[in-house]
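Student: Okay, handing you the structure first.
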Amino acid sequence: MANSFYWVDSAANERTLYIAGTSTTQFVLQGSEYGTGRVGKPYHEATPNRMSDNYRAWIYDRREYGFDVLIKADTASDLETAIGTWDGWHDPELDEGYIKRITVGGTTRCLDCIALPVEWKYDGPTSVTGKQAYIASNPWWRSETRSVTSGIFNGSTDVNVECANGGHIPAWFTAIISGIVETPKLTNSEGDYIEVNYTTTNADDVIVIITKPWGPCRRYAYYREHGTGDLTPVQMTSGSEWITLPTGTGNLVLSAASGTPTFDIAWYLYYRSLY
């Protein structure tokens, strides 16, 4: 499996940055890649005791990831065009995209991030080198595709939907409930739940629950009449939490005051490092 680097912008345009052994004009320089491993720092809380502080938790910071890149061309004019193309691919006005990496061993992982500008250094009239860096507010590498599963509510009778999370941390998810239902509730394998304080009336109505804590749709639940109407925010009942899927294989329990709508859920697997 070739060692490969891709940049995918917010419009899902995949740009090939480098594929080992096949690229002839763009190269990621060997050994220059950084930001692939575990990130974060321990958080210690000061106490009145002069002899000791308290360790609270490991805090995960944003991740900076990057590599040195070499661009070559046949002519100086072609080099200018190539630099412009590279910079255009990484235009921050295109919003957050993601790096897709395929390692030598065949592992594919992605990092949601925003590209930083490059300071190019001319090595000659037809080649330049520069450091391409990216900032990931969410520092976790993730799977390229989502895991998906589905089920059907059965009123107040619990329905178990198996969800396998093979990542390193609990997974945020998006859930779609379609049909007539009163106060749908999702409970994870740790006993935490999120319950929507809303009743739908049409067979094609939709309730969407997004539990991720970042992005324009962070921790958001909404209703759409007939599945195509305006996005109307819906409230949660007291005691609800923005739950996640714990690591390992467990059940997400579906229940409601009444109704038998369909249920679909999707989630990425999140990893502490590229490897």
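In the structure tokens, chains take the letters A, B, ... in the order shown, each chain's residues start at 1, and ligands count up from 1 in the order shown.
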When DSSP works through the backbone of this structure, what residues of segment 34-226 of chain A end up as helix (DSSP H, G or I), shown as a PyMOL selection string?

Tutor: chain A and resi 76-89+92-94+225-226

Student: Can those selected residues be exported to a file as a PDB file, in the first residue's frame so that it contains N, CA and C atoms?

Tutor:
```
ATOM      1  N   ALA A  76       9.708  28.004 -14.976  1.00  0.00           N
ATOM      2  CA  ALA A  76       9.375  28.911 -13.882  1.00  0.00           C
ATOM      3  C   ALA A  76       7.898  29.297 -13.925  1.00  0.00           C
ATOM      4  N   SER A  77       7.362  29.458 -15.128  1.00  0.00           N
ATOM      5  CA  SER A  77       5.947  29.791 -15.268  1.00  0.00           C
ATOM      6  C   SER A  77       5.066  28.647 -14.766  1.00  0.00           C
ATOM      7  N   ASP A  78       5.441  27.417 -15.109  1.00  0.00           N
ATOM      8  CA  ASP A  78       4.686  26.260 -14.637  1.00  0.00           C
ATOM      9  C   ASP A  78       4.758  26.144 -13.116  1.00  0.00           C
ATOM     10  N   LEU A  79       5.898  26.515 -12.541  1.00  0.00           N
ATOM     11  CA  LEU A  79       6.050  26.466 -11.091  1.00  0.00           C
ATOM     12  C   LEU A  79       5.109  27.457 -10.420  1.00  0.00           C
ATOM     13  N   GLU A  80       5.007  28.658 -10.963  1.00  0.00           N
ATOM     14  CA  GLU A  80       4.079  29.640 -10.405  1.00  0.00           C
ATOM     15  C   GLU A  80       2.644  29.118 -10.442  1.00  0.00           C
ATOM     16  N   THR A  81       2.299  28.474 -11.545  1.00  0.00           N
ATOM     17  CA  THR A  81       0.948  27.901 -11.669  1.00  0.00           C
ATOM     18  C   THR A  81       0.721  26.819 -10.619  1.00  0.00           C
ATOM     19  N   ALA A  82       1.731  25.973 -10.402  1.00  0.00           N
ATOM     20  CA  ALA A  82       1.614  24.885  -9.435  1.00  0.00           C
ATOM     21  C   ALA A  82       1.475  25.420  -8.008  1.00  0.00           C
ATOM     22  N   ILE A  83       2.232  26.466  -7.690  1.00  0.00           N
ATOM     23  CA  ILE A  83       2.113  27.087  -6.361  1.00  0.00           C
ATOM     24  C   ILE A  83       0.720  27.667  -6.178  1.00  0.00           C
ATOM     25  N   GLY A  84       0.224  28.337  -7.206  1.00  0.00           N
ATOM     26  CA  GLY A  84      -1.122  28.902  -7.132  1.00  0.00           C
ATOM     27  C   GLY A  84      -2.184  27.833  -6.948  1.00  0.00           C
ATOM     28  N   THR A  85      -1.994  26.699  -7.634  1.00  0.00           N
ATOM     29  CA  THR A  85      -2.945  25.589  -7.488  1.00  0.00           C
ATOM     30  C   THR A  85      -2.932  25.049  -6.065  1.00  0.00           C
ATOM     31  N   TRP A  86      -1.730  24.829  -5.525  1.00  0.00           N
ATOM     32  CA  TRP A  86      -1.614  24.321  -4.147  1.00  0.00           C
ATOM     33  C   TRP A  86      -2.285  25.275  -3.159  1.00  0.00           C
ATOM     34  N   ASP A  87      -1.971  26.562  -3.281  1.00  0.00           N
ATOM     35  CA  ASP A  87      -2.552  27.543  -2.363  1.00  0.00           C
ATOM     36  C   ASP A  87      -4.066  27.637  -2.545  1.00  0.00           C
ATOM     37  N   GLY A  88      -4.534  27.486  -3.779  1.00  0.00           N
ATOM     38  CA  GLY A  88      -5.977  27.500  -4.020  1.00  0.00           C
ATOM     39  C   GLY A  88      -6.681  26.328  -3.371  1.00  0.00           C
ATOM     40  N   TRP A  89      -6.041  25.172  -3.417  1.00  0.00           N
ATOM     41  CA  TRP A  89      -6.616  24.006  -2.744  1.00  0.00           C
ATOM     42  C   TRP A  89      -6.793  24.254  -1.253  1.00  0.00           C
ATOM     43  N   PRO A  92      -8.412  29.139   3.004  1.00  0.00           N
ATOM     44  CA  PRO A  92      -9.210  29.036   4.229  1.00  0.00           C
ATOM     45  C   PRO A  92     -10.660  29.479   4.047  1.00  0.00           C
ATOM     46  N   GLU A  93     -10.946  30.224   2.983  1.00  0.00           N
ATOM     47  CA  GLU A  93     -12.329  30.615   2.723  1.00  0.00           C
ATOM     48  C   GLU A  93     -13.185  29.409   2.322  1.00  0.00           C
ATOM     49  N   LEU A  94     -12.537  28.293   1.992  1.00  0.00           N
ATOM     50  CA  LEU A  94     -13.275  27.063   1.705  1.00  0.00           C
ATOM     51  C   LEU A  94     -13.724  26.363   2.979  1.00  0.00           C
ATOM     52  N   GLU A 225     -40.779  19.027   9.535  1.00  0.00           N
ATOM     53  CA  GLU A 225     -42.076  18.492   9.121  1.00  0.00           C
ATOM     54  C   GLU A 225     -41.969  17.902   7.720  1.00  0.00           C
ATOM     55  N   HIS A 226     -42.466  16.694   7.540  1.00  0.00           N
ATOM     56  CA  HIS A 226     -42.399  15.946   6.277  1.00  0.00           C
ATOM     57  C   HIS A 226     -40.954  15.727   5.812  1.00  0.00           C
TER      58      HIS A 226
END
```

Student: Please compute the atom CA of Gly130 of chain A-atom CA of Gln26 of chain A distance, one decimal, in Å.

Tutor: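 So the answer is 11.4 Å.
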
Student: Name the closest residue to Pro233 of chain A among the candidates A:Ile19, A:Ile114, A:Ile169, A:Val208; distances are taken between atoms, counting only C-alpha atoms.

Tutor: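 Smallest distance to Pro233 of chain A is found for A:Val208.
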
Student: Skip Pro125 of chain A itself and residues of its chain fewer than 2 positions away, then list as a ChimeraX atom specification all residues within 10 Å of it, counting only C-alpha atoms.

Tutor: /A:72-77,79,122-123,127-128

Student: How about saving the chosen residues, N, CA and C atoms kept, as a PDB file, in the first residue's frame?

Tutor:
```pdb
ATOM      1  N   LYS A  72       7.972  20.706  -7.927  1.00  0.00           N
ATOM      2  CA  LYS A  72       8.869  20.899  -9.054  1.00  0.00           C
ATOM      3  C   LYS A  72       8.054  21.141 -10.321  1.00  0.00           C
ATOM      4  N   ALA A  73       8.667  21.800 -11.286  1.00  0.00           N
ATOM      5  CA  ALA A  73       8.003  22.045 -12.571  1.00  0.00           C
ATOM      6  C   ALA A  73       9.047  22.095 -13.670  1.00  0.00           C
ATOM      7  N   ASP A  74       8.569  22.127 -14.923  1.00  0.00           N
ATOM      8  CA  ASP A  74       9.487  22.173 -16.060  1.00  0.00           C
ATOM      9  C   ASP A  74      10.001  23.584 -16.309  1.00  0.00           C
ATOM     10  N   THR A  75       9.147  24.578 -16.033  1.00  0.00           N
ATOM     11  CA  THR A  75       9.530  25.968 -16.263  1.00  0.00           C
ATOM     12  C   THR A  75       9.139  26.803 -15.059  1.00  0.00           C
ATOM     13  N   ALA A  76       9.708  28.004 -14.976  1.00  0.00           N
ATOM     14  CA  ALA A  76       9.375  28.911 -13.882  1.00  0.00           C
ATOM     15  C   ALA A  76       7.898  29.297 -13.925  1.00  0.00           C
ATOM     16  N   SER A  77       7.362  29.458 -15.128  1.00  0.00           N
ATOM     17  CA  SER A  77       5.947  29.791 -15.268  1.00  0.00           C
ATOM     18  C   SER A  77       5.066  28.647 -14.766  1.00  0.00           C
ATOM     19  N   LEU A  79       5.898  26.515 -12.541  1.00  0.00           N
ATOM     20  CA  LEU A  79       6.050  26.466 -11.091  1.00  0.00           C
ATOM     21  C   LEU A  79       5.109  27.457 -10.420  1.00  0.00           C
ATOM     22  N   TYR A 122      12.446  29.192  -2.546  1.00  0.00           N
ATOM     23  CA  TYR A 122      12.888  28.775  -3.885  1.00  0.00           C
ATOM     24  C   TYR A 122      14.237  28.066  -3.796  1.00  0.00           C
ATOM     25  N   ASP A 123      14.257  26.816  -4.281  1.00  0.00           N
ATOM     26  CA  ASP A 123      15.492  26.048  -4.341  1.00  0.00           C
ATOM     27  C   ASP A 123      16.195  26.226  -5.684  1.00  0.00           C
ATOM     28  N   SER A 127      11.764  24.968  -8.750  1.00  0.00           N
ATOM     29  CA  SER A 127      11.363  24.140  -7.604  1.00  0.00           C
ATOM     30  C   SER A 127      11.317  24.975  -6.332  1.00  0.00           C
ATOM     31  N   VAL A 128      10.387  24.620  -5.446  1.00  0.00           N
ATOM     32  CA  VAL A 128      10.249  25.296  -4.154  1.00  0.00           C
ATOM     33  C   VAL A 128       9.988  24.250  -3.070  1.00  0.00           C
TER      34      VAL A 128
END
```

Student: Between A:Ile135, A:Pro184, A:Thr262, A:Lys212, which residue has the minimum interatomic distance to Gln235 of chain A, considering only C-alpha atoms?

Tutor: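 Smallest separation from Gln235 of chain A among the options: A:Pro184.
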
Student: So that I can see what lies close to segment 60-65 of chain A, please list as a list in words the residues with an atom at most 8 Å from it, counting only C-alpha atoms and leaving out residues fewer than 5 positions away in the same chain.

Tutor: Glu33, Tyr34, Gly35, Thr36, Val39, Gly40, Lys41, Ala133, Tyr134, Ile135, Ala136, Ser137, Asn138 and Pro139 of chain A

Student: Compare A:Phe5, A:Phe263, A:Tyr270, A:Tyr223 by their minimum atom-to-atom distance to Asn154 of chain A, counting only C-alpha atoms, and give me the closest one.

Tutor: A:Phe263

Student: Using only C-alpha atoms, pick whichever of A:Thr174, A:Thr22, A:Asn13, A:Thr228 has the shortest atom-to-atom distance to Asp204 of chain A.

Tutor: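 Smallest distance to Asp204 of chain A is found for A:Thr228.
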
Student: Could you check the closest approach to Leu269 of chain A for each of A:Ala171, A:Leu254, A:Met236, A:Ala221 and tell me which residue wins, using only C-alpha atoms?

Tutor: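 For Leu269 of chain A, the nearest of the given residues is A:Ala171.
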
Student: Mind giving me the straight-line distance from atom CA of Thr249 of chain A to atom CA of Leu274 of chain A in Å, one decimal?

Tutor: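 So the two atoms, atom CA of Thr249 of chain A and atom CA of Leu274 of chain A, lie 22.3 Å apart.
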